[in-house]
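Read through the structure below, which is laid out as structure tokens, and then see the notes.
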Amino acid sequence: MTECIFCQLIAEPGRTKFLLEDDVGVAFNDINPQAPTHVLVVPKRHIASAKELGEHDAALFGHLMGLCQQVTSLTGIREAGYRYVLNTGDNGGQTVNHLHFHVLGGRQMKWPPG
Ligand code: 5GP
Ligand code: ZN
């Protein structure tokens, strides 16, 4: 059994409610939301982080971006604005080593990020 929490979550239907699912990825609510809307968009294929992505992953990356866009519509945050976050590596604040976008919205975001 994989030790990756997101691979486990994807492999066990019913364990987590998916807002979206297709052949490439899934979207589900973050367990510890940092905004009224906080959804994670995750590829089904295990990719440790954005560090592993290259030019040959352009189609995958574009597809995940499309899922993020669908999430902003589904959750009603599209019009007011939102933030996509892709934490990468230790300094990037990544805590789960399976590539994922955060889709955050429903409140005013601050800059610079912490
Ligand atoms: P990172 O810090 O790697 O960018 O983001 C990991 C995110 O995954 C965190 O926001 C954390 O709350 C979320 N998370 C960790 N474990 C689980 C889980 O088992 N289920 C869900 N839904 N979210 C999780
Ligand atoms: Zn994984």
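Residues in the structure tokens are named by chain (A, B, ... in the order shown) and by number from 1 within that chain; ligands are numbered from 1 in the order shown.
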Expected selection as a PyMOL selection string for ligand 1 within 12 Å, only C-alpha atoms and all ligand atoms: chain A and resi 3-10+12+15-19+26-35+37-42+48-50+84-104
Under the rule that only C-alpha atoms are counted, which of A:Leu64, A:Ile77, A:Val71, A:Ala11 is the nearest residue to Gly25 in chain A?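 The answer is A:Leu64, which sits nearest to Gly25 in chain A.
CA of Cys68 in chain A to CA of Leu53 in chain A spans 17.6 Å [interatomic distance, one decimal].
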Check chain A with DSSP on the backbone and list each residue it calls strand (DSSP E or B), as a PyMOL selection string. chain A and resi 20-21+25-29+37-43+82-85+101-105
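If you measure from each of A:Ala59, A:Thr75, A:Asp22, A:Arg45 to ligand 2 using only C-alpha atoms and all ligand atoms, the closest one turns out to be A:Arg45.
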Under the rule that only C-alpha atoms and all ligand atoms are counted, which of A:Gly14, A:His46, A:Lys110, A:Leu20 is the nearest residue to ligand 2?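 Nearest candidate to ligand 2 out of A:Gly14, A:His46, A:Lys110, A:Leu20: A:His46.
Checking A:Thr2, A:Pro13, A:Asp23, A:Gly81 one by one against His63 in chain A, counting only C-alpha atoms, you find the shortest gap at A:Asp23.
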Select from chain A everything DSSP, run on the backbone, classes as alpha helix (DSSP H), then give the selection as a ChimeraX atom specification. /A:5-11,58-74
Shell of 8 Å around Met109 in chain A, only C-alpha atoms, local chain residues under 3 positions omitted, as a PyMOL selection string: chain A and resi 82-83+105
I'd like the interatomic distance between CA of Arg107 in chain A and CA of Glu21 in chain A, to a tenth of an Å.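 Interatomic distance here is 25.6 Å.
Straight-line separation from CA of Ala80 in chain A to CA of Gln108 in chain A: 9.3 Å.
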